[in-house]
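Engineer: Let me give you the structure first, and then I'll get to my questions.
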Amino acid sequence: MALYGGVGASALPSELIVHIFSFLSARDKLRASAVCSRWRECLFYPALWPELKLRLGRGTGGAGSSSDETPKLEFLMRKFGSFVRELQLEFAPVEGYPVRWRDSLNNYLEQVLCVLRSLKNNRNLQKLSLYGDTCILQEEGILDGTHLTQVDQGGKKIKEIKQLFEETLASSRQLKWLSSAFMLGMVTPNSLSTMSNLSANSLEHLSLLDNQAPPLIPSIELGRLLNLHSLALDFCDFTSEMCQVLSNSDHMPLHRLSLVLHGTVLHNKPLDITPGEVDWQALVRHSANLRVYIMALDVHSQDLLSVLKPSLPLERIHFDSYSTCASEAALDLISRQYCKTLSHFILVRDLMERDDTGFPDLSDNRNEDPLVLLAWRCTHLSLLIIHGYTVWAHNLIAISRLRGSNLKVLAVSEESIDFDQDQLLFQDEDPIHNLIEEVSLGLGRPWNPMMDTNIVLSEPTQHFFREMQRFSEGI
């Protein structure tokens with residue numbers, strides 16, 4: 001482009017070109033780097049790449065982490081891995097069993113190695129967030145020792161991944177956010193011990209999730225993280241001892257705690273070591289602004305009731321199940337104990353095949369529906385999502401009137417809504433139209449039943465990981 005007086009853009013000083021390029025998106029920066037060598041030199045200036053957010057693979061429509069993306073990842077990490085300050089990376093599910101899973105898993109291992117090899121000497125790293133999503137295969141029993149051996153003979157790649165991750169923690173100097181979920185054995189109970197003292201002192205958020213592994217956060221290592229503001233882990237791994245460590249006066253008050261309770265692992269991870277009422281009371285005394293987010297995946301109500309202590313400051317809870325069913329007793333306890341703190345309530349049951357009996361009805365008495373009581377008691381309720389349970393139309397209207405415009409999100413799938421046949425006898429107009437009109441009037445804004453259930457039927461652990469990040473970032 002010619003400038004005034006016939007001077008071209010190439011005559012501009014590099015500092016000015018870098019400043020202009022700072023307004024481009026990451027995608028546009030990469031495209032602009034192909035224009036000429038001068039632009040390429042300026043576009044790969046470290047200050048232009050403080051963060052990278054990547055998602056590899058084509059998800060459920062493709063073959064997982066595609067090998068086509070590996071060269072692109074290698075290029076990005078070679079250019080920016082040694083100085084990038086924030087890296088957020090999600091891997092698409094390792095799928096294709098039994099035809100393509102070997103190639104997909106091998107690509108996944110190579111891509112993880114590529115990332116960690118570039119990060120291991122990065123002393124500027126402040127945020128590292130990795131989501132592997134291989135837990136889908138773990139739950140199906142495909143990623144056991146026999147199958148892994150077929151892809152990674154002798155476990156050489158897994159061992160190198162563990163070593164590189166520990167080297168990354170050891171070389172870090174100002175890490176503030178460390179998040180790893182379902183990264184196929186990358187994190188071990190010894191990983192945190194390799195973190196430098198500087199990063200241990202600066203770390204504000206920690207989330208290590210892998211429901212197939214032993215506890216990843218030893219209490220002794222948690223004691224080093226004095227400035228921790230938010231924490232996420234498996235509920236079964238959150239012990240009474242950890243609660244006591246976080247309650248010590250030398251620790252900064254904790255603001256966010258995200259816990260995932262997975263019913264399929266309870267036979268290997270008993271709940272009897274989780275905090276009791278006295279432990280929660282001590283933690284809340286030290287961390288007065290603490291709020292807790294819990295996701296319960298296929299958990300029986302009696303197990304959930306055993307860990308929901310009165311002093312637990314529950315703000316968000318998400319029930320998600322395939323084979324189990326939430327009970328009226330669980331909803332009643334939640335609405336009574338957490339009426340002053342609960343703001344988000346999600347109740348989802350994903351049935352592969354719906355039988356003739358319809359969705360379960362949580363209430364034996366339609367005049368005392370537990371969902372209506374929850375809306376009445378929980379005065380701070382701002383989000384309510386329901387699918388897979390019967391919601392009576394007149395109760396849905398009552399909920400909208402009780403919470404009004406303060407209920408920012410009311411999402412109920414159309415197939416979950418049922419109508420009292422006795423009341424229909426007195427209605428001349430279409431019942432669906434009348435329901436939409438009444439609920440919209442109660443909320444003070446237009447409302448419609450949820451038609452696309454894919455919004456709530458996303459992979460549960462991925463939903464927890466993303467919601468946990470938003471929950472923790474919202475401090």
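Ordering of the structure tokens sets the chain letters (A, B, ...), residue numbers begin anew at 1 in every chain, and ligands are numbered from 1 in the order given.
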From a DSSP calculation on the backbone, collect every residue of region 108-322 of chain A in alpha helix (DSSP H) and output the set as a PyMOL selection string.
Structural biologist: chain A and resi 108-119+135-139+145-151+156-171+197-202+219-222+240-246+277-286+301-307
Engineer: So which residues touch region 442-453 of chain A within 6 Å, counting only C-alpha atoms, skipping near sequence neighbours fewer than 4 positions away, as a list in words?
Structural biologist: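 Result of the neighbour search: Ser400, Arg401, Gly404, Ser405, Ala411, Val412, Ser413, Glu414 and Ile436 of chain A.
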Engineer: Atoms to include: all heavy atoms. Write the selected residues as a compact mmCIF listing (two decimals), in the first residue's frame.
Structural biologist:
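Resulting contents of selection12.txt:
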# COMPACT_ATOMS: atom_id res chain seq x y z
N SER A 400 -41.89 -19.61 37.16
CA SER A 400 -41.63 -18.33 36.49
C SER A 400 -42.18 -17.16 37.30
O SER A 400 -41.57 -16.08 37.34
CB SER A 400 -42.25 -18.34 35.09
OG SER A 400 -43.66 -18.32 35.14
N ARG A 401 -43.31 -17.34 37.96
CA ARG A 401 -43.89 -16.27 38.76
C ARG A 401 -43.13 -16.05 40.06
O ARG A 401 -43.00 -14.91 40.53
CB ARG A 401 -45.36 -16.58 39.05
CG ARG A 401 -46.25 -16.54 37.81
CD ARG A 401 -47.67 -16.99 38.13
NE ARG A 401 -48.54 -16.89 36.95
CZ ARG A 401 -49.79 -17.35 36.92
NH1 ARG A 401 -50.31 -17.93 38.01
NH2 ARG A 401 -50.52 -17.21 35.84
N GLY A 404 -39.51 -14.69 38.68
CA GLY A 404 -39.65 -13.55 37.79
C GLY A 404 -38.42 -13.28 36.95
O GLY A 404 -37.72 -14.19 36.52
N SER A 405 -38.12 -11.99 36.78
CA SER A 405 -37.00 -11.60 35.91
C SER A 405 -35.65 -11.94 36.51
O SER A 405 -34.63 -11.89 35.81
CB SER A 405 -37.07 -10.10 35.63
OG SER A 405 -37.01 -9.35 36.84
N ALA A 411 -34.52 -23.02 31.14
CA ALA A 411 -34.47 -23.88 29.96
C ALA A 411 -35.05 -25.24 30.32
O ALA A 411 -34.47 -25.98 31.12
CB ALA A 411 -33.03 -24.02 29.45
N VAL A 412 -36.20 -25.56 29.73
CA VAL A 412 -36.87 -26.84 29.95
C VAL A 412 -37.19 -27.43 28.59
O VAL A 412 -37.82 -26.77 27.75
CB VAL A 412 -38.16 -26.67 30.77
CG1 VAL A 412 -38.81 -28.02 31.02
CG2 VAL A 412 -37.86 -25.95 32.09
N SER A 413 -36.73 -28.65 28.34
CA SER A 413 -36.97 -29.27 27.03
C SER A 413 -38.46 -29.51 26.84
O SER A 413 -39.19 -29.83 27.78
CB SER A 413 -36.20 -30.58 26.92
OG SER A 413 -36.63 -31.51 27.89
N GLU A 414 -38.89 -29.35 25.61
CA GLU A 414 -40.31 -29.49 25.30
C GLU A 414 -40.82 -30.88 25.65
O GLU A 414 -41.94 -31.04 26.15
CB GLU A 414 -40.56 -29.20 23.82
CG GLU A 414 -42.03 -29.21 23.45
CD GLU A 414 -42.26 -28.91 21.98
OE1 GLU A 414 -41.41 -29.31 21.15
OE2 GLU A 414 -43.27 -28.28 21.66
N ILE A 436 -46.56 -20.91 27.00
CA ILE A 436 -45.56 -19.93 26.57
C ILE A 436 -45.96 -18.52 27.00
O ILE A 436 -45.14 -17.74 27.48
CB ILE A 436 -45.36 -20.00 25.03
CG1 ILE A 436 -44.71 -21.33 24.65
CG2 ILE A 436 -44.53 -18.83 24.54
CD1 ILE A 436 -44.63 -21.57 23.16
Engineer: Would you kindly return, as a list in words, each protein, DNA or RNA residue with an atom no farther than 10 Å from any atom of Leu371 (chain A), considering only C-alpha atoms and excluding same-chain residues fewer than 6 positions away?
Structural biologist: Glu328, Leu331, Asp332, Ser335, Phe345, Leu362, Ser363, Arg377, Leu384, Ile386, Val391, Asn395, Leu396, Ala398 and Ile399 of chain A
Engineer: Please measure the separation of CA of His205 (chain A) and CA of Phe44 (chain A), giving the value in Å to one decimal.
Structural biologist: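 Computed distance, CA of His205 (chain A) to CA of Phe44 (chain A), equals 29.2 Å.
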Engineer: With only C-alpha atoms as the counted atoms, please give the residues lying no more than 6 Å from Leu206 (chain A), apart from itself and same-chain residues fewer than 6 positions off, as a list in words.
Structural biologist: Leu178, Ser179 and Leu231 of chain A
Engineer: With a distance cut-off of 10 Å and only C-alpha atoms, select the neighbouring residues of Phe238 (chain A), excluding the residue or stretch itself and same-chain residues fewer than 2 positions from it, and output the selection as a short mmCIF file (atom, residue, chain, number, x, y, z; two decimals) with all heavy atoms, in the first residue's frame.
Structural biologist:
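Below you can see out17.cif, which holds the result:
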data_model
loop_
_atom_site.label_atom_id
_atom_site.label_comp_id
_atom_site.auth_asym_id
_atom_site.auth_seq_id
_atom_site.Cartn_x
_atom_site.Cartn_y
_atom_site.Cartn_z
N PRO A 215 -5.40 -40.10 43.73
CA PRO A 215 -5.45 -38.65 44.02
C PRO A 215 -4.21 -37.93 43.49
O PRO A 215 -3.08 -38.36 43.71
CB PRO A 215 -5.52 -38.61 45.54
CG PRO A 215 -6.17 -39.91 45.92
CD PRO A 215 -5.67 -40.92 44.92
N ILE A 217 -3.51 -34.54 43.99
CA ILE A 217 -3.09 -33.39 44.78
C ILE A 217 -2.84 -33.82 46.22
O ILE A 217 -3.78 -33.83 47.04
CB ILE A 217 -4.14 -32.26 44.73
CG1 ILE A 217 -4.52 -31.94 43.28
CG2 ILE A 217 -3.64 -31.01 45.44
CD1 ILE A 217 -5.60 -30.88 43.16
N PRO A 218 -1.62 -34.18 46.58
CA PRO A 218 -1.32 -34.55 47.97
C PRO A 218 -1.49 -33.34 48.89
O PRO A 218 -1.22 -32.20 48.52
CB PRO A 218 0.15 -34.99 47.91
CG PRO A 218 0.43 -35.26 46.46
CD PRO A 218 -0.45 -34.34 45.69
N SER A 219 -1.93 -33.59 50.09
CA SER A 219 -2.15 -32.51 51.05
C SER A 219 -0.88 -31.74 51.33
O SER A 219 -0.90 -30.51 51.50
CB SER A 219 -2.72 -33.08 52.35
OG SER A 219 -3.98 -33.68 52.13
N ALA A 232 -10.07 -27.12 41.80
CA ALA A 232 -11.02 -28.06 41.21
C ALA A 232 -10.41 -29.45 41.23
O ALA A 232 -9.25 -29.63 40.84
CB ALA A 232 -11.36 -27.67 39.77
N LEU A 233 -11.18 -30.44 41.66
CA LEU A 233 -10.69 -31.81 41.73
C LEU A 233 -11.88 -32.76 41.90
O LEU A 233 -13.03 -32.33 42.03
CB LEU A 233 -9.69 -31.98 42.87
CG LEU A 233 -10.20 -31.92 44.31
CD1 LEU A 233 -9.11 -32.46 45.25
CD2 LEU A 233 -10.57 -30.51 44.73
N ASP A 234 -11.57 -34.04 41.89
CA ASP A 234 -12.58 -35.06 42.12
C ASP A 234 -13.03 -34.98 43.58
O ASP A 234 -12.20 -34.88 44.49
CB ASP A 234 -11.97 -36.44 41.82
CG ASP A 234 -13.01 -37.53 41.76
OD1 ASP A 234 -13.79 -37.65 42.73
OD2 ASP A 234 -13.04 -38.27 40.77
N PHE A 235 -14.33 -35.02 43.80
CA PHE A 235 -14.86 -34.90 45.16
C PHE A 235 -14.27 -36.00 46.07
O PHE A 235 -13.97 -35.76 47.24
CB PHE A 235 -16.39 -35.00 45.15
CG PHE A 235 -17.06 -34.34 46.32
CD1 PHE A 235 -18.27 -33.69 46.16
CD2 PHE A 235 -16.49 -34.34 47.58
CE1 PHE A 235 -18.90 -33.05 47.23
CE2 PHE A 235 -17.11 -33.71 48.65
CZ PHE A 235 -18.31 -33.07 48.47
N CYS A 236 -14.10 -37.18 45.52
CA CYS A 236 -13.57 -38.29 46.32
C CYS A 236 -12.13 -38.03 46.77
O CYS A 236 -11.66 -38.62 47.75
CB CYS A 236 -13.61 -39.59 45.51
SG CYS A 236 -15.26 -40.13 45.06
N SER A 240 -10.66 -34.67 54.21
CA SER A 240 -10.77 -33.87 55.42
C SER A 240 -9.44 -33.17 55.72
O SER A 240 -9.42 -32.01 56.15
CB SER A 240 -11.18 -34.76 56.59
OG SER A 240 -11.18 -34.06 57.81
N GLU A 241 -8.32 -33.87 55.47
CA GLU A 241 -7.01 -33.28 55.70
C GLU A 241 -6.76 -32.08 54.78
O GLU A 241 -6.22 -31.06 55.21
CB GLU A 241 -5.92 -34.34 55.47
CG GLU A 241 -4.51 -33.84 55.76
CD GLU A 241 -3.46 -34.89 55.50
OE1 GLU A 241 -3.81 -36.01 55.06
OE2 GLU A 241 -2.26 -34.61 55.73
N MET A 242 -7.16 -32.19 53.52
CA MET A 242 -7.01 -31.07 52.59
C MET A 242 -7.83 -29.87 53.05
O MET A 242 -7.39 -28.71 52.94
CB MET A 242 -7.42 -31.49 51.18
CG MET A 242 -6.53 -32.55 50.56
SD MET A 242 -7.13 -33.10 48.95
CE MET A 242 -6.82 -31.65 47.97
N CYS A 243 -9.02 -30.13 53.53
CA CYS A 243 -9.88 -29.07 54.02
C CYS A 243 -9.23 -28.34 55.19
O CYS A 243 -9.28 -27.11 55.29
CB CYS A 243 -11.22 -29.66 54.44
SG CYS A 243 -12.58 -28.49 54.51
N LEU A 259 -16.07 -29.33 42.35
CA LEU A 259 -15.93 -30.75 42.68
C LEU A 259 -16.80 -31.58 41.74
O LEU A 259 -17.98 -31.28 41.55
CB LEU A 259 -16.36 -31.00 44.12
CG LEU A 259 -15.61 -30.21 45.21
CD1 LEU A 259 -16.33 -30.31 46.54
CD2 LEU A 259 -14.18 -30.72 45.33
N LEU A 271 -16.21 -42.44 49.97
CA LEU A 271 -16.50 -41.07 50.38
C LEU A 271 -16.25 -40.81 51.86
O LEU A 271 -16.44 -39.69 52.32
CB LEU A 271 -17.97 -40.76 50.06
CG LEU A 271 -18.35 -40.69 48.58
CD1 LEU A 271 -19.86 -40.61 48.41
CD2 LEU A 271 -17.69 -39.50 47.91
N ILE A 273 -13.60 -40.40 53.48
CA ILE A 273 -12.49 -39.51 53.81
C ILE A 273 -12.77 -38.07 53.40
O ILE A 273 -11.93 -37.19 53.59
CB ILE A 273 -11.18 -39.99 53.15
CG1 ILE A 273 -11.32 -40.00 51.62
CG2 ILE A 273 -10.76 -41.35 53.66
CD1 ILE A 273 -10.01 -40.30 50.89
N THR A 274 -13.94 -37.80 52.82
CA THR A 274 -14.28 -36.44 52.42
C THR A 274 -14.62 -35.61 53.66
O THR A 274 -14.89 -36.15 54.73
CB THR A 274 -15.48 -36.44 51.44
OG1 THR A 274 -16.59 -37.11 52.06
CG2 THR A 274 -15.12 -37.18 50.16
N PRO A 275 -14.58 -34.27 53.54
CA PRO A 275 -14.77 -33.42 54.72
C PRO A 275 -16.12 -33.63 55.41
O PRO A 275 -17.15 -33.82 54.77
CB PRO A 275 -14.67 -32.00 54.14
CG PRO A 275 -13.88 -32.15 52.88
CD PRO A 275 -14.25 -33.48 52.33
#
